[in-house]
$ cat target-v6.txt   # compact mmCIF, C-alpha atoms
# COMPACT_ATOMS: atom_id res chain seq x y z
CA MET U 72 -147.72 -221.71 -30.41
CA VAL U 73 -144.82 -221.88 -32.87
CA PRO U 74 -146.82 -220.57 -35.89
CA THR U 75 -148.31 -217.83 -33.70
CA LEU U 76 -144.84 -216.69 -32.56
CA ILE U 77 -143.61 -216.72 -36.18
CA VAL U 78 -146.58 -214.56 -37.32
CA ILE U 79 -146.04 -212.13 -34.40
CA GLY U 80 -142.34 -211.89 -35.30
CA ILE U 81 -143.16 -211.20 -38.96
CA PHE U 82 -145.71 -208.57 -37.91
CA PHE U 83 -143.23 -206.63 -35.74
CA ALA U 84 -140.52 -206.81 -38.42
CA GLY U 85 -143.02 -205.49 -40.98
CA TRP U 86 -144.35 -202.84 -38.59
CA ASP U 87 -140.82 -201.54 -38.01
CA SER U 88 -140.27 -201.24 -41.78
CA PHE U 89 -143.69 -199.59 -42.23
CA ARG U 90 -142.91 -196.95 -39.58
CA ALA U 91 -139.58 -196.18 -41.26
CA LEU U 92 -141.38 -195.80 -44.60
CA ARG U 93 -144.03 -193.43 -43.22
CA ASN U 94 -141.85 -191.26 -40.95
CA ALA U 95 -139.92 -188.87 -43.16
CA PRO U 96 -137.04 -187.06 -41.40
CA LYS U 97 -137.94 -183.54 -40.26
CA ASP U 98 -135.18 -181.99 -42.39
CA SER U 99 -136.47 -183.64 -45.60
CA PHE U 100 -136.38 -181.58 -48.78
CA GLN U 101 -140.05 -181.14 -49.78
CA ILE U 102 -141.15 -181.47 -53.40
CA LYS U 103 -144.74 -181.48 -54.66
CA VAL U 104 -145.56 -184.09 -57.31
CA GLU U 105 -148.60 -183.93 -59.61
CA GLY U 106 -149.61 -186.87 -61.75
CA LYS U 107 -151.79 -186.36 -64.79
CA MET U 108 -152.48 -188.17 -68.03
CA TRP U 109 -149.70 -188.85 -68.96
CA SER U 110 -146.81 -187.16 -67.21
CA TRP U 111 -145.36 -186.25 -63.83
CA LYS U 112 -144.83 -182.66 -62.74
CA PHE U 113 -142.40 -181.76 -59.95
CA ILE U 114 -142.86 -178.45 -58.14
CA TYR U 115 -139.96 -177.19 -56.02
CA PRO U 116 -140.04 -174.83 -53.00
CA ASP U 117 -138.81 -171.91 -55.17
CA GLY U 118 -141.76 -172.38 -57.57
CA ARG U 119 -139.89 -173.90 -60.49
CA THR U 120 -141.45 -176.92 -62.19
CA THR U 121 -139.83 -179.77 -64.12
CA ASN U 122 -140.96 -183.00 -65.73
CA GLU U 123 -137.96 -184.88 -64.30
CA LEU U 124 -137.06 -185.00 -60.60
CA TYR U 125 -133.75 -183.43 -59.48
CA VAL U 126 -132.45 -184.21 -55.98
CA PRO U 127 -129.14 -183.98 -54.11
CA VAL U 128 -127.35 -187.20 -53.16
CA GLY U 129 -127.46 -188.27 -49.51
CA LYS U 130 -130.35 -185.94 -48.53
CA PRO U 131 -133.82 -187.16 -47.50
CA VAL U 132 -136.51 -186.06 -49.97
CA LYS U 133 -140.23 -186.04 -49.16
CA LEU U 134 -142.58 -186.21 -52.13
CA ASN U 135 -146.09 -184.84 -51.56
CA LEU U 136 -148.19 -186.49 -54.25
CA THR U 137 -151.56 -185.80 -55.78
CA SER U 138 -153.31 -186.32 -59.11
CA VAL U 139 -155.21 -183.78 -61.18
CA ASP U 140 -157.34 -186.30 -63.09
CA VAL U 141 -157.36 -190.07 -62.44
CA LEU U 142 -155.59 -192.51 -60.12
CA HIS U 143 -151.85 -192.87 -60.82
CA SER U 144 -149.11 -194.69 -58.93
CA PHE U 145 -145.64 -193.17 -58.51
CA TYR U 146 -143.10 -195.98 -58.73
CA VAL U 147 -139.29 -195.82 -58.49
CA PRO U 148 -137.97 -199.41 -58.52
CA ALA U 149 -134.40 -198.38 -57.62
CA PHE U 150 -135.56 -196.82 -54.33
CA ARG U 151 -138.32 -199.36 -53.67
CA ILE U 152 -141.02 -196.73 -53.37
CA LYS U 153 -144.49 -196.99 -54.84
CA ILE U 154 -147.33 -194.74 -53.70
CA ASP U 155 -150.69 -193.89 -55.24
CA ALA U 156 -151.39 -190.37 -56.48
CA VAL U 157 -155.08 -189.88 -55.78
CA PRO U 158 -157.29 -187.07 -57.20
CA GLY U 159 -158.35 -184.61 -54.47
CA MET U 160 -156.07 -186.18 -51.84
CA GLU U 161 -152.43 -185.68 -50.86
CA THR U 162 -150.28 -188.72 -50.10
CA TYR U 163 -146.54 -188.83 -49.53
CA ALA U 164 -143.41 -190.95 -49.76
CA TRP U 165 -139.79 -190.26 -48.92
CA PHE U 166 -136.40 -191.61 -49.93
CA LYS U 167 -132.71 -190.88 -49.65
CA ALA U 168 -130.60 -191.53 -52.75
CA GLU U 169 -127.16 -192.86 -51.85
CA LYS U 170 -125.61 -192.85 -55.35
CA VAL U 171 -125.37 -190.22 -58.09
CA GLY U 172 -127.14 -191.28 -61.27
CA LYS U 173 -130.42 -191.45 -63.25
CA TYR U 174 -133.25 -193.69 -62.08
CA ASP U 175 -136.54 -194.61 -63.77
CA ILE U 176 -139.94 -193.30 -62.65
CA LEU U 177 -142.98 -195.23 -63.84
CA CYS U 178 -146.72 -195.15 -63.33
CA ALA U 179 -147.83 -198.46 -61.77
CA GLU U 180 -151.59 -197.89 -62.12
CA TYR U 181 -153.31 -198.18 -65.52
CA CYS U 182 -154.47 -194.63 -66.29
CA GLY U 183 -155.45 -194.54 -69.97
CA VAL U 184 -154.20 -195.05 -73.50
CA ARG U 185 -150.71 -193.59 -72.91
CA HIS U 186 -150.14 -195.17 -69.50
CA ALA U 187 -147.04 -197.01 -70.74
CA TYR U 188 -145.47 -193.69 -71.79
CA MET U 189 -145.91 -192.02 -68.39
CA LEU U 190 -142.18 -192.19 -67.76
CA SER U 191 -139.73 -189.85 -66.10
CA LYS U 192 -136.36 -189.87 -64.31
CA VAL U 193 -134.90 -189.15 -60.89
CA ASN U 194 -131.67 -187.21 -61.46
CA VAL U 195 -129.48 -187.61 -58.37
CA LEU U 196 -126.78 -184.93 -58.36
CA THR U 197 -123.81 -184.12 -56.14
CA GLU U 198 -124.30 -181.23 -53.73
CA ASP U 199 -122.33 -178.86 -56.00
CA GLU U 200 -124.17 -179.98 -59.15
CA TYR U 201 -127.51 -179.56 -57.41
CA THR U 202 -126.66 -176.04 -56.20
CA LYS U 203 -125.56 -175.17 -59.75
CA TRP U 204 -128.80 -176.62 -61.14
CA LEU U 205 -130.86 -174.56 -58.67
CA LYS U 206 -129.08 -171.37 -59.77
CA SER U 207 -129.49 -172.12 -63.48
CA ASP U 208 -132.45 -170.89 -65.51
CA ASN U 209 -132.66 -174.31 -67.27
CA LYS U 210 -132.96 -172.43 -70.59
CA ILE U 211 -136.74 -172.79 -70.61
CA THR U 212 -138.47 -170.25 -72.84
CA LYS U 213 -141.66 -168.47 -71.81
CA VAL U 214 -143.56 -170.48 -74.44
CA ASP U 215 -142.26 -173.77 -72.97
CA GLN U 216 -143.29 -172.62 -69.48
CA ILE U 217 -146.83 -171.82 -70.65
CA LEU U 218 -147.15 -175.12 -72.53
CA LYS U 219 -145.87 -177.08 -69.51
CA LYS U 220 -148.06 -175.19 -67.07
CA HIS U 221 -151.23 -176.01 -69.01
CA GLY U 222 -150.23 -179.62 -69.75
CA CYS U 223 -150.00 -179.19 -73.53
CA PHE U 224 -147.00 -181.54 -73.79
CA ASP U 225 -149.10 -184.40 -72.42
CA CYS U 226 -150.93 -184.64 -75.77
CA HIS U 227 -148.74 -182.72 -78.25
CA SER U 228 -145.13 -183.38 -79.25
CA THR U 229 -142.56 -180.93 -80.63
CA ASP U 230 -140.61 -183.45 -82.72
CA GLY U 231 -143.28 -184.49 -85.23
CA SER U 232 -144.35 -187.69 -83.44
CA ILE U 233 -148.10 -188.16 -83.13
CA LEU U 234 -149.51 -188.38 -79.62
CA VAL U 235 -153.16 -187.84 -78.67
CA GLY U 236 -153.18 -184.50 -80.51
CA PRO U 237 -151.23 -183.17 -83.51
CA SER U 238 -147.55 -182.31 -83.19
CA PHE U 239 -146.50 -178.67 -82.76
CA LYS U 240 -143.65 -179.22 -85.24
CA ASN U 241 -144.26 -177.13 -88.42
CA ILE U 242 -147.84 -176.52 -87.27
CA TYR U 243 -148.03 -172.99 -88.66
CA ASN U 244 -149.65 -172.67 -92.10
CA ARG U 245 -149.99 -176.38 -92.79
CA ASP U 246 -153.10 -178.01 -94.29
CA VAL U 247 -155.71 -179.13 -91.76
CA VAL U 248 -159.14 -180.68 -92.21
CA VAL U 249 -162.08 -179.09 -90.40
CA LEU U 250 -165.67 -180.23 -90.12
CA GLU U 251 -168.40 -177.63 -90.65
CA LYS U 252 -172.11 -178.40 -90.99
CA GLY U 253 -171.34 -182.07 -91.66
CA LYS U 254 -168.86 -181.34 -94.47
CA GLU U 255 -165.05 -181.56 -94.43
CA TYR U 256 -162.97 -178.60 -95.63
CA LYS U 257 -159.22 -178.18 -96.05
CA ILE U 258 -157.82 -174.91 -94.70
CA LYS U 259 -154.45 -173.50 -93.67
CA SER U 260 -153.58 -173.34 -89.96
CA ASP U 261 -152.90 -169.61 -90.02
CA GLU U 262 -152.66 -167.30 -87.00
CA ASN U 263 -156.44 -166.96 -86.57
CA TYR U 264 -157.02 -170.73 -86.81
CA LEU U 265 -154.29 -171.47 -84.24
CA ARG U 266 -155.52 -168.79 -81.82
CA GLU U 267 -159.10 -170.08 -82.02
CA SER U 268 -158.00 -173.71 -81.62
CA ILE U 269 -155.87 -172.97 -78.56
CA LEU U 270 -158.54 -170.82 -76.91

$ encode --input "target-v6.txt" --output "structure tokens"
Amino acid sequence: MVPTLIVIGIFFAGWDSFRALRNAPKDSFQIKVEGKMWSWKFIYPDGRTTNELYVPVGKPVKLNLTSVDVLHSFYVPAFRIKIDAVPGMETYAWFKAEKVGKYDILCAEYCGVRHAYMLSKVNVLTEDEYTKWLKSDNKITKVDQILKKHGCFDCHSTDGSILVGPSFKNIYNRDVVVLEKGKEYKIKSDENYLRESIL
């Protein structure tokens, strides 16, 4: 009887915690999260997108997660939340940050060669800072918006570091090697070459 009562007690304690985890408050701030190789994208109610999460302190936030390619797992150790982002399916998690600061976001499911670099941050701001952030334009150029929208930064850097694809830094008019009919040729990455490559 004693072990049975202990197991029942553990079950009800766990069930209570599980219900709290799955029942987001009705006034939660809703943010859509997309995982893809190898970055997180956060989509806010006003349509803006970021690659880091910005939330106000002391407010419940519900994250509606999905993946656009393979299985990922959204993990924020500081808030003890970990939930899978599954292709073709929407899952969710919620949290309420009690302290202003920056907190790590990781992917906890192996998702390919750059899995270890699928990192981001939760930026917890005061109410005033968050309102100011919402009103700002974030100084994102139209080019940056297009590159982010189509996931170009997942494979290409802007600082010269080599990722899956070549860096965008000094890409115009540099020497590139192309393969044509089994032979390698060196050409310049001029406007026509870049347009054709992107398309």

$ residues_around --input "target-v6.txt" --residues "Phe166 of chain U" --least-positions-apart "5" --cutoff "10 Å" --atoms "all atoms listed in the file" --output "MDAnalysis selection string"
chainID U and resid 92 95:96 99 129:134 147 150:152

$ write_last_selection --input "target-v6.txt" --atoms "C-alpha atoms" --output "PDB file, keeping the file's coordinate frame"
ATOM      1  CA  LEU U  92    -141.380-195.800 -44.600  1.00  0.00           C
ATOM      2  CA  ALA U  95    -139.920-188.870 -43.160  1.00  0.00           C
ATOM      3  CA  PRO U  96    -137.040-187.060 -41.400  1.00  0.00           C
ATOM      4  CA  SER U  99    -136.470-183.640 -45.600  1.00  0.00           C
ATOM      5  CA  GLY U 129    -127.460-188.270 -49.510  1.00  0.00           C
ATOM      6  CA  LYS U 130    -130.350-185.940 -48.530  1.00  0.00           C
ATOM      7  CA  PRO U 131    -133.820-187.160 -47.500  1.00  0.00           C
ATOM      8  CA  VAL U 132    -136.510-186.060 -49.970  1.00  0.00           C
ATOM      9  CA  LYS U 133    -140.230-186.040 -49.160  1.00  0.00           C
ATOM     10  CA  LEU U 134    -142.580-186.210 -52.130  1.00  0.00           C
ATOM     11  CA  VAL U 147    -139.290-195.820 -58.490  1.00  0.00           C
ATOM     12  CA  PHE U 150    -135.560-196.820 -54.330  1.00  0.00           C
ATOM     13  CA  ARG U 151    -138.320-199.360 -53.670  1.00  0.00           C
ATOM     14  CA  ILE U 152    -141.020-196.730 -53.370  1.00  0.00           C
TER      15      ILE U 152
END

$ residues_around --input "target-v6.txt" --residues "Glu198 of chain U" --least-positions-apart "4" --cutoff "12 Å" --atoms "all atoms listed in the file" --output "MDAnalysis selection string"
chainID U and resid 125:130 170:171 202:205

$ residues_near_point --input "target-v6.txt" --point "(-134.9, -200.4, -59.3)" --cutoff "12 Å" --atoms "only C-alpha atoms" --output "ChimeraX atom specification"
/U:146-153,168,173-177,192-193

$ write_last_selection --input "target-v6.txt" --atoms "C-alpha atoms" --output "short mmCIF file (atom, residue, chain, number, x, y, z; two decimals), in the coordinates of the input"
data_model
loop_
_atom_site.label_atom_id
_atom_site.label_comp_id
_atom_site.auth_asym_id
_atom_site.auth_seq_id
_atom_site.Cartn_x
_atom_site.Cartn_y
_atom_site.Cartn_z
CA TYR U 146 -143.10 -195.98 -58.73
CA VAL U 147 -139.29 -195.82 -58.49
CA PRO U 148 -137.97 -199.41 -58.52
CA ALA U 149 -134.40 -198.38 -57.62
CA PHE U 150 -135.56 -196.82 -54.33
CA ARG U 151 -138.32 -199.36 -53.67
CA ILE U 152 -141.02 -196.73 -53.37
CA LYS U 153 -144.49 -196.99 -54.84
CA ALA U 168 -130.60 -191.53 -52.75
CA LYS U 173 -130.42 -191.45 -63.25
CA TYR U 174 -133.25 -193.69 -62.08
CA ASP U 175 -136.54 -194.61 -63.77
CA ILE U 176 -139.94 -193.30 -62.65
CA LEU U 177 -142.98 -195.23 -63.84
CA LYS U 192 -136.36 -189.87 -64.31
CA VAL U 193 -134.90 -189.15 -60.89
#

$ atom_distance --input "target-v6.txt" --atom1 "atom CA of Thr197 of chain U" --atom2 "atom CA of Asp215 of chain U"
27.0 Å

$ closest_residue --input "target-v6.txt" --among "U:Ile258, U:Leu234, U:Leu136, U:Ile242" --to "Val184 of chain U" --atoms "only C-alpha atoms"
U:Leu234
